[in-house]
Amino acid sequence: MSEDHRSALQRAAGNAVLSGAVFAAFLAGWEGLVRGLGISKIVLPPPTAVLTALWTSLMDGELHWHFTVTLYEILAGFIVGSLAGLLLGIAIALSPVMERIFYPYIVAFQTMPKVAIAPIIVIWFGYGVTSKIVITAAIAFFPLLANTIIGLRSAPVDQMEMLASYTASRWQVFRMVRFQQALPYIFVGLDVAIVLSVIGAIVGEFVGSKAGLGYLILQKNFNFDMAGTFAILIVLSLIGVALHAIVSYAQRRIVFWMDMGGERVIGA
């Protein structure tokens, strides 16, 4: 094992220990504050009550079906929205005509609050998973579109001119220079989109649903089960962290030659 690799592992272990210590201190402070001030569990449940509710939901199987439904909505909406954003971003970046025709309408659609149009989408597509996928895709669409356009337009002109001087086709220039240059931006868009997809699925379930973690949150709130609500929020956070980690891992494996430290991030 090289010295640099050993040093990197030591830094990672130190950061993990520090992060765990901060989290433990936060939980201890939360528990002590709730118990010390006598705060009602309906207002703010202590961490022990939240963990108990989470364990109970896991043991009685309440979370399993709803978790599966929400995860399917997240992944399906993410794939649909990201694919649409990628393809349309490529078309707009390569064609000024496409930009003049479509981009103003895309920006106008993006400025509409998705919470406001979610009820319309539910009316059009029903209370099943289809409407949640559409809402999630609408939220995941723009980050990838914007980052794809910026990435493709950031390709070095001298490299494209050099390839063109060697009689390279437009497809070869796109594949060898423009798309390679855009990959870090595309992965930034994917990272933003996957996190927003979690929000999109829950927004759709809040508006109208028959299953899912958002539906379960509404049930818990109706029954004043704040510990159960917090438990589901923990599950949603874990889903977001896990999906973010998967995208980051894919980014490191595919775009291994570039330093992402200075890349521009385009969010929602």
# chains A, B, ... in the order shown; residues from 1 in each chain; ligands from 1
$ closest_atom_pairs --of "stretch 31-147 of chain A" --to "stretch 193-215 of chain A" --cutoff "9 Å" --atoms "only C-alpha atoms" --output "CSV"
residue,atom,partner,partner_atom,distance
A:Leu63,CA,A:Leu213,CA,7.7
A:Trp65,CA,A:Gly212,CA,7.5
A:His66,CA,A:Gly212,CA,4.0
A:Phe67,CA,A:Leu213,CA,6.0
A:Thr68,CA,A:Gly212,CA,7.6
A:Val69,CA,A:Gly212,CA,5.3
A:Thr70,CA,A:Gly212,CA,4.9
A:Leu71,CA,A:Val198,CA,8.3
A:Glu73,CA,A:Ala201,CA,6.1
A:Ile74,CA,A:Ser197,CA,5.4
A:Leu75,CA,A:Ser197,CA,7.7
A:Gly77,CA,A:Ser197,CA,6.8
A:Phe78,CA,A:Ser197,CA,5.9
A:Gly81,CA,A:Ala193,CA,8.3
A:Ser82,CA,A:Ala193,CA,7.3
A:Lys114,CA,A:Gly200,CA,8.3
A:Val115,CA,A:Val203,CA,6.7
A:Ala118,CA,A:Gly204,CA,6.3
A:Pro119,CA,A:Val207,CA,6.0
A:Ile121,CA,A:Gly204,CA,8.8
A:Val122,CA,A:Gly208,CA,6.8
A:Gly126,CA,A:Gly208,CA,8.5
A:Tyr127,CA,A:Ser209,CA,5.0
A:Gly128,CA,A:Ser209,CA,6.4
A:Val129,CA,A:Ser209,CA,7.9
A:Ser131,CA,A:Gly204,CA,7.1
A:Lys132,CA,A:Gly204,CA,4.9
A:Ile133,CA,A:Ala201,CA,7.0
A:Val134,CA,A:Gly204,CA,8.9
A:Ile135,CA,A:Gly200,CA,5.9
A:Thr136,CA,A:Gly200,CA,4.3
A:Ala137,CA,A:Ser197,CA,7.3
A:Ala138,CA,A:Gly200,CA,8.2
A:Ile139,CA,A:Gly200,CA,6.2
A:Ala140,CA,A:Ala193,CA,4.5
A:Phe141,CA,A:Ala193,CA,7.2
A:Phe142,CA,A:Ala193,CA,8.1
A:Pro143,CA,A:Ala193,CA,6.1
A:Leu144,CA,A:Ala193,CA,6.9
$ write_last_selection --atoms "N, CA and C atoms" --output "compact mmCIF listing (two decimals), in the first residue's frame"
# COMPACT_ATOMS: atom_id res chain seq x y z
N LEU A 63 -43.61 -0.94 6.55
CA LEU A 63 -42.80 -0.11 5.66
C LEU A 63 -42.49 -0.78 4.33
N TRP A 65 -43.96 -2.56 1.78
CA TRP A 65 -44.70 -2.29 0.55
C TRP A 65 -44.62 -0.82 0.18
N HIS A 66 -44.80 0.05 1.13
CA HIS A 66 -44.76 1.49 0.86
C HIS A 66 -43.36 1.92 0.40
N PHE A 67 -42.34 1.34 0.99
CA PHE A 67 -40.96 1.62 0.58
C PHE A 67 -40.74 1.21 -0.87
N THR A 68 -41.23 0.03 -1.24
CA THR A 68 -41.05 -0.46 -2.61
C THR A 68 -41.75 0.45 -3.62
N VAL A 69 -42.97 0.88 -3.28
CA VAL A 69 -43.72 1.75 -4.19
C VAL A 69 -42.99 3.07 -4.40
N THR A 70 -42.55 3.70 -3.32
CA THR A 70 -41.87 4.99 -3.43
C THR A 70 -40.54 4.86 -4.17
N LEU A 71 -39.79 3.81 -3.89
CA LEU A 71 -38.51 3.61 -4.57
C LEU A 71 -38.72 3.42 -6.07
N GLU A 73 -41.21 4.65 -7.85
CA GLU A 73 -41.56 5.97 -8.40
C GLU A 73 -40.33 6.85 -8.55
N ILE A 74 -39.44 6.81 -7.57
CA ILE A 74 -38.23 7.62 -7.62
C ILE A 74 -37.36 7.21 -8.82
N LEU A 75 -37.09 5.92 -8.93
CA LEU A 75 -36.19 5.45 -9.98
C LEU A 75 -36.80 5.62 -11.37
N GLY A 77 -39.18 7.77 -12.32
CA GLY A 77 -39.24 9.19 -12.65
C GLY A 77 -37.86 9.76 -12.96
N PHE A 78 -36.87 9.33 -12.21
CA PHE A 78 -35.49 9.78 -12.45
C PHE A 78 -35.02 9.35 -13.83
N GLY A 81 -37.11 11.38 -16.55
CA GLY A 81 -36.75 12.79 -16.57
C GLY A 81 -35.33 13.02 -17.03
N SER A 82 -34.40 12.18 -16.57
CA SER A 82 -33.00 12.34 -16.95
C SER A 82 -32.79 12.06 -18.42
N LYS A 114 -43.86 23.00 -8.91
CA LYS A 114 -44.35 21.63 -9.16
C LYS A 114 -45.44 21.24 -8.17
N VAL A 115 -45.40 21.84 -6.98
CA VAL A 115 -46.46 21.57 -6.01
C VAL A 115 -47.80 22.08 -6.55
N ALA A 118 -48.89 19.68 -9.48
CA ALA A 118 -49.03 18.27 -9.11
C ALA A 118 -50.49 17.82 -9.06
N PRO A 119 -51.42 18.61 -8.49
CA PRO A 119 -52.83 18.16 -8.51
C PRO A 119 -53.38 17.98 -9.93
N ILE A 121 -51.63 17.06 -12.55
CA ILE A 121 -51.05 15.82 -13.07
C ILE A 121 -51.76 14.60 -12.48
N VAL A 122 -52.11 14.68 -11.20
CA VAL A 122 -52.83 13.57 -10.56
C VAL A 122 -54.21 13.39 -11.20
N GLY A 126 -54.25 9.99 -12.76
CA GLY A 126 -54.83 9.13 -11.75
C GLY A 126 -54.00 9.06 -10.48
N TYR A 127 -54.52 8.31 -9.51
CA TYR A 127 -53.90 8.21 -8.20
C TYR A 127 -52.84 7.12 -8.12
N GLY A 128 -52.60 6.41 -9.20
CA GLY A 128 -51.59 5.35 -9.19
C GLY A 128 -50.18 5.89 -9.33
N VAL A 129 -49.25 4.99 -9.63
CA VAL A 129 -47.84 5.37 -9.68
C VAL A 129 -47.51 6.22 -10.91
N SER A 131 -48.87 8.95 -12.17
CA SER A 131 -48.83 10.39 -11.89
C SER A 131 -47.60 10.75 -11.07
N LYS A 132 -47.18 9.88 -10.15
CA LYS A 132 -45.99 10.16 -9.35
C LYS A 132 -44.73 10.12 -10.20
N ILE A 133 -44.70 9.21 -11.16
CA ILE A 133 -43.55 9.13 -12.06
C ILE A 133 -43.47 10.40 -12.92
N VAL A 134 -44.61 10.88 -13.39
CA VAL A 134 -44.63 12.10 -14.21
C VAL A 134 -44.16 13.30 -13.39
N ILE A 135 -44.64 13.43 -12.17
CA ILE A 135 -44.22 14.55 -11.31
C ILE A 135 -42.72 14.46 -11.02
N THR A 136 -42.25 13.26 -10.69
CA THR A 136 -40.82 13.07 -10.41
C THR A 136 -39.98 13.39 -11.64
N ALA A 137 -40.42 12.93 -12.80
CA ALA A 137 -39.68 13.21 -14.03
C ALA A 137 -39.63 14.70 -14.34
N ALA A 138 -40.73 15.40 -14.07
CA ALA A 138 -40.77 16.85 -14.32
C ALA A 138 -39.77 17.58 -13.43
N ILE A 139 -39.58 17.09 -12.21
CA ILE A 139 -38.64 17.73 -11.30
C ILE A 139 -37.19 17.37 -11.65
N ALA A 140 -36.97 16.13 -12.08
CA ALA A 140 -35.61 15.67 -12.39
C ALA A 140 -35.12 16.15 -13.75
N PHE A 141 -36.02 16.64 -14.58
CA PHE A 141 -35.71 16.96 -15.97
C PHE A 141 -34.72 18.12 -16.13
N PHE A 142 -34.98 19.23 -15.47
CA PHE A 142 -34.24 20.46 -15.76
C PHE A 142 -32.77 20.43 -15.34
N PRO A 143 -32.40 19.87 -14.18
CA PRO A 143 -30.97 19.85 -13.83
C PRO A 143 -30.11 19.18 -14.88
N LEU A 144 -30.58 18.07 -15.44
CA LEU A 144 -29.80 17.38 -16.45
C LEU A 144 -29.79 18.15 -17.76
$ select_by_dssp --residues "stretch 26-100 of chain A" --states "helix (DSSP H, G or I)" --output "ChimeraX atom specification"
/A:26-37,47-59,62-94,96-100
$ write_last_selection --atoms "C-alpha atoms" --output "PDB file, in the first residue's frame"
ATOM      1  CA  PHE A  26     -26.628  15.821  18.233  1.00  0.00           C
ATOM      2  CA  LEU A  27     -28.801  12.846  19.215  1.00  0.00           C
ATOM      3  CA  ALA A  28     -27.770  13.121  22.862  1.00  0.00           C
ATOM      4  CA  GLY A  29     -28.565  16.833  22.899  1.00  0.00           C
ATOM      5  CA  TRP A  30     -31.923  16.206  21.212  1.00  0.00           C
ATOM      6  CA  GLU A  31     -32.830  13.490  23.727  1.00  0.00           C
ATOM      7  CA  GLY A  32     -31.742  15.599  26.679  1.00  0.00           C
ATOM      8  CA  LEU A  33     -33.601  18.683  25.435  1.00  0.00           C
ATOM      9  CA  VAL A  34     -36.883  16.830  24.951  1.00  0.00           C
ATOM     10  CA  ARG A  35     -36.732  15.060  28.290  1.00  0.00           C
ATOM     11  CA  GLY A  36     -35.308  17.992  30.218  1.00  0.00           C
ATOM     12  CA  LEU A  37     -37.924  20.478  29.016  1.00  0.00           C
ATOM     13  CA  PRO A  47     -34.665   9.922  19.230  1.00  0.00           C
ATOM     14  CA  THR A  48     -35.358   6.801  21.275  1.00  0.00           C
ATOM     15  CA  ALA A  49     -39.077   7.014  20.423  1.00  0.00           C
ATOM     16  CA  VAL A  50     -38.260   7.544  16.743  1.00  0.00           C
ATOM     17  CA  LEU A  51     -35.955   4.532  16.655  1.00  0.00           C
ATOM     18  CA  THR A  52     -38.577   2.436  18.439  1.00  0.00           C
ATOM     19  CA  ALA A  53     -41.207   3.458  15.878  1.00  0.00           C
ATOM     20  CA  LEU A  54     -38.815   2.663  13.037  1.00  0.00           C
ATOM     21  CA  TRP A  55     -38.023  -0.781  14.460  1.00  0.00           C
ATOM     22  CA  THR A  56     -41.720  -1.527  15.002  1.00  0.00           C
ATOM     23  CA  SER A  57     -42.579  -0.551  11.414  1.00  0.00           C
ATOM     24  CA  LEU A  58     -39.803  -2.763  10.090  1.00  0.00           C
ATOM     25  CA  MET A  59     -40.817  -5.744  12.205  1.00  0.00           C
ATOM     26  CA  GLU A  62     -45.674  -1.837   7.442  1.00  0.00           C
ATOM     27  CA  LEU A  63     -42.800  -0.107   5.656  1.00  0.00           C
ATOM     28  CA  HIS A  64     -41.937  -2.790   3.127  1.00  0.00           C
ATOM     29  CA  TRP A  65     -44.702  -2.286   0.554  1.00  0.00           C
ATOM     30  CA  HIS A  66     -44.764   1.487   0.856  1.00  0.00           C
ATOM     31  CA  PHE A  67     -40.962   1.619   0.582  1.00  0.00           C
ATOM     32  CA  THR A  68     -41.051  -0.457  -2.611  1.00  0.00           C
ATOM     33  CA  VAL A  69     -43.723   1.754  -4.187  1.00  0.00           C
ATOM     34  CA  THR A  70     -41.871   4.990  -3.429  1.00  0.00           C
ATOM     35  CA  LEU A  71     -38.510   3.612  -4.574  1.00  0.00           C
ATOM     36  CA  TYR A  72     -40.061   2.503  -7.873  1.00  0.00           C
ATOM     37  CA  GLU A  73     -41.564   5.968  -8.397  1.00  0.00           C
ATOM     38  CA  ILE A  74     -38.233   7.623  -7.623  1.00  0.00           C
ATOM     39  CA  LEU A  75     -36.189   5.449  -9.977  1.00  0.00           C
ATOM     40  CA  ALA A  76     -38.723   5.428 -12.818  1.00  0.00           C
ATOM     41  CA  GLY A  77     -39.239   9.192 -12.652  1.00  0.00           C
ATOM     42  CA  PHE A  78     -35.493   9.776 -12.446  1.00  0.00           C
ATOM     43  CA  ILE A  79     -34.826   7.631 -15.517  1.00  0.00           C
ATOM     44  CA  VAL A  80     -37.604   9.215 -17.585  1.00  0.00           C
ATOM     45  CA  GLY A  81     -36.754  12.789 -16.568  1.00  0.00           C
ATOM     46  CA  SER A  82     -32.997  12.345 -16.948  1.00  0.00           C
ATOM     47  CA  LEU A  83     -33.292  10.683 -20.343  1.00  0.00           C
ATOM     48  CA  ALA A  84     -35.590  13.432 -21.599  1.00  0.00           C
ATOM     49  CA  GLY A  85     -33.298  16.133 -20.203  1.00  0.00           C
ATOM     50  CA  LEU A  86     -30.205  14.530 -21.733  1.00  0.00           C
ATOM     51  CA  LEU A  87     -31.685  14.087 -25.209  1.00  0.00           C
ATOM     52  CA  LEU A  88     -33.289  17.523 -25.358  1.00  0.00           C
ATOM     53  CA  GLY A  89     -30.131  19.096 -23.893  1.00  0.00           C
ATOM     54  CA  ILE A  90     -28.050  17.545 -26.669  1.00  0.00           C
ATOM     55  CA  ALA A  91     -30.503  18.773 -29.302  1.00  0.00           C
ATOM     56  CA  ILE A  92     -30.532  22.323 -27.922  1.00  0.00           C
ATOM     57  CA  ALA A  93     -26.746  22.478 -27.475  1.00  0.00           C
ATOM     58  CA  LEU A  94     -26.105  21.360 -31.044  1.00  0.00           C
ATOM     59  CA  PRO A  96     -29.461  27.085 -32.276  1.00  0.00           C
ATOM     60  CA  VAL A  97     -32.841  26.633 -33.978  1.00  0.00           C
ATOM     61  CA  MET A  98     -33.902  24.095 -31.339  1.00  0.00           C
ATOM     62  CA  GLU A  99     -32.780  26.492 -28.616  1.00  0.00           C
ATOM     63  CA  ARG A 100     -34.826  29.367 -30.020  1.00  0.00           C
TER      64      ARG A 100
END
$ closest_residue --among "A:Gln159, A:Ser237, A:Ser165, A:Asn147" --to "A:Phe187" --atoms "only C-alpha atoms"
A:Asn147
$ atom_distance --atom1 "atom CA of A:Leu152" --atom2 "atom CA of A:Phe179"
6.2 Å
$ atom_distance --atom1 "atom CA of A:Pro184" --atom2 "atom CA of A:Thr111"
25.5 Å
$ closest_residue --among "A:Ile123, A:Ala16, A:Ala21, A:Val43" --to "A:Phe224" --atoms "only C-alpha atoms"
A:Val43
$ atom_distance --atom1 "atom CA of A:Tyr103" --atom2 "atom CA of A:Val188"
20.4 Å
$ decode --residues "stretch 107-208 of chain A" --atoms "C-alpha atoms" --output "JSON list (two decimals), in the first residue's frame"
[["chain", "number", "residue", "atom", "x", "y", "z"],
["A", 107, "VAL", "CA", -37.74, 27.79, -18.75],
["A", 108, "ALA", "CA", -41.39, 28.84, -18.44],
["A", 109, "PHE", "CA", -42.34, 25.29, -17.42],
["A", 110, "GLN", "CA", -39.48, 25.14, -14.93],
["A", 111, "THR", "CA", -40.64, 28.34, -13.20],
["A", 112, "MET", "CA", -44.01, 26.77, -12.44],
["A", 113, "PRO", "CA", -44.05, 25.40, -8.87],
["A", 114, "LYS", "CA", -44.35, 21.63, -9.16],
["A", 115, "VAL", "CA", -46.46, 21.57, -6.01],
["A", 116, "ALA", "CA", -49.00, 23.76, -7.85],
["A", 117, "ILE", "CA", -49.19, 21.60, -10.97],
["A", 118, "ALA", "CA", -49.03, 18.27, -9.11],
["A", 119, "PRO", "CA", -52.83, 18.16, -8.51],
["A", 120, "ILE", "CA", -53.40, 18.69, -12.24],
["A", 121, "ILE", "CA", -51.05, 15.82, -13.07],
["A", 122, "VAL", "CA", -52.83, 13.57, -10.56],
["A", 123, "ILE", "CA", -56.18, 14.41, -12.17],
["A", 124, "TRP", "CA", -54.80, 13.63, -15.64],
["A", 125, "PHE", "CA", -52.91, 10.43, -14.77],
["A", 126, "GLY", "CA", -54.83, 9.13, -11.75],
["A", 127, "TYR", "CA", -53.90, 8.21, -8.20],
["A", 128, "GLY", "CA", -51.59, 5.35, -9.19],
["A", 129, "VAL", "CA", -47.84, 5.37, -9.68],
["A", 130, "THR", "CA", -48.05, 6.90, -13.17],
["A", 131, "SER", "CA", -48.83, 10.39, -11.89],
["A", 132, "LYS", "CA", -45.99, 10.16, -9.35],
["A", 133, "ILE", "CA", -43.55, 9.13, -12.06],
["A", 134, "VAL", "CA", -44.63, 12.10, -14.21],
["A", 135, "ILE", "CA", -44.22, 14.55, -11.31],
["A", 136, "THR", "CA", -40.82, 13.07, -10.41],
["A", 137, "ALA", "CA", -39.68, 13.21, -14.03],
["A", 138, "ALA", "CA", -40.77, 16.85, -14.32],
["A", 139, "ILE", "CA", -38.64, 17.73, -11.30],
["A", 140, "ALA", "CA", -35.61, 15.67, -12.39],
["A", 141, "PHE", "CA", -35.71, 16.96, -15.97],
["A", 142, "PHE", "CA", -34.24, 20.46, -15.76],
["A", 143, "PRO", "CA", -30.97, 19.85, -13.83],
["A", 144, "LEU", "CA", -29.80, 17.38, -16.45],
["A", 145, "LEU", "CA", -30.99, 19.54, -19.34],
["A", 146, "ALA", "CA", -29.10, 22.63, -18.11],
["A", 147, "ASN", "CA", -25.91, 20.77, -17.25],
["A", 148, "THR", "CA", -25.91, 18.90, -20.56],
["A", 149, "ILE", "CA", -26.19, 22.15, -22.51],
["A", 150, "ILE", "CA", -23.39, 23.82, -20.53],
["A", 151, "GLY", "CA", -21.17, 20.75, -20.74],
["A", 152, "LEU", "CA", -21.51, 20.35, -24.50],
["A", 153, "ARG", "CA", -20.84, 24.04, -25.06],
["A", 154, "SER", "CA", -17.73, 23.98, -22.89],
["A", 155, "ALA", "CA", -15.82, 21.73, -25.30],
["A", 156, "PRO", "CA", -12.42, 23.23, -26.32],
["A", 157, "VAL", "CA", -12.73, 24.83, -29.75],
["A", 158, "ASP", "CA", -9.13, 24.05, -30.68],
["A", 159, "GLN", "CA", -9.69, 20.32, -30.17],
["A", 160, "MET", "CA", -12.83, 20.34, -32.31],
["A", 161, "GLU", "CA", -11.05, 22.31, -35.05],
["A", 162, "MET", "CA", -8.12, 19.90, -34.97],
["A", 163, "LEU", "CA", -10.41, 16.90, -35.43],
["A", 164, "ALA", "CA", -12.28, 18.70, -38.20],
["A", 165, "SER", "CA", -8.99, 19.38, -39.97],
["A", 166, "TYR", "CA", -8.38, 15.63, -39.96],
["A", 167, "THR", "CA", -11.75, 15.17, -41.73],
["A", 168, "ALA", "CA", -13.53, 13.90, -38.62],
["A", 169, "SER", "CA", -17.30, 13.75, -38.96],
["A", 170, "ARG", "CA", -19.67, 15.72, -36.73],
["A", 171, "TRP", "CA", -20.51, 12.50, -34.90],
["A", 172, "GLN", "CA", -16.82, 11.79, -34.26],
["A", 173, "VAL", "CA", -16.26, 15.33, -32.96],
["A", 174, "PHE", "CA", -19.32, 14.96, -30.72],
["A", 175, "ARG", "CA", -18.28, 11.56, -29.37],
["A", 176, "MET", "CA", -14.57, 12.23, -28.91],
["A", 177, "VAL", "CA", -14.61, 15.83, -27.66],
["A", 178, "ARG", "CA", -17.98, 17.38, -26.87],
["A", 179, "PHE", "CA", -19.58, 14.45, -25.06],
["A", 180, "GLN", "CA", -16.38, 13.62, -23.17],
["A", 181, "GLN", "CA", -16.17, 17.23, -22.01],
["A", 182, "ALA", "CA", -19.83, 17.22, -20.99],
["A", 183, "LEU", "CA", -19.68, 14.02, -18.91],
["A", 184, "PRO", "CA", -18.66, 15.70, -15.62],
["A", 185, "TYR", "CA", -21.50, 18.21, -16.02],
["A", 186, "ILE", "CA", -23.94, 15.43, -16.90],
["A", 187, "PHE", "CA", -23.05, 13.55, -13.73],
["A", 188, "VAL", "CA", -23.52, 16.70, -11.67],
["A", 189, "GLY", "CA", -26.98, 16.96, -13.22],
["A", 190, "LEU", "CA", -27.68, 13.31, -12.43],
["A", 191, "ASP", "CA", -26.60, 13.82, -8.83],
["A", 192, "VAL", "CA", -28.94, 16.77, -8.41],
["A", 193, "ALA", "CA", -31.75, 14.99, -10.26],
["A", 194, "ILE", "CA", -31.62, 11.82, -8.13],
["A", 195, "VAL", "CA", -31.96, 13.81, -4.91],
["A", 196, "LEU", "CA", -34.80, 15.91, -6.33],
["A", 197, "SER", "CA", -36.51, 12.73, -7.50],
["A", 198, "VAL", "CA", -37.03, 11.71, -3.88],
["A", 199, "ILE", "CA", -38.77, 15.03, -3.26],
["A", 200, "GLY", "CA", -40.83, 14.66, -6.44],
["A", 201, "ALA", "CA", -42.18, 11.25, -5.50],
["A", 202, "ILE", "CA", -43.20, 12.43, -2.03],
["A", 203, "VAL", "CA", -44.85, 15.58, -3.41],
["A", 204, "GLY", "CA", -46.92, 13.39, -5.73],
["A", 205, "GLU", "CA", -47.91, 11.07, -2.90],
["A", 206, "PHE", "CA", -48.92, 14.00, -0.71],
["A", 207, "VAL", "CA", -51.26, 15.29, -3.43],
["A", 208, "GLY", "CA", -53.01, 11.97, -3.97]]
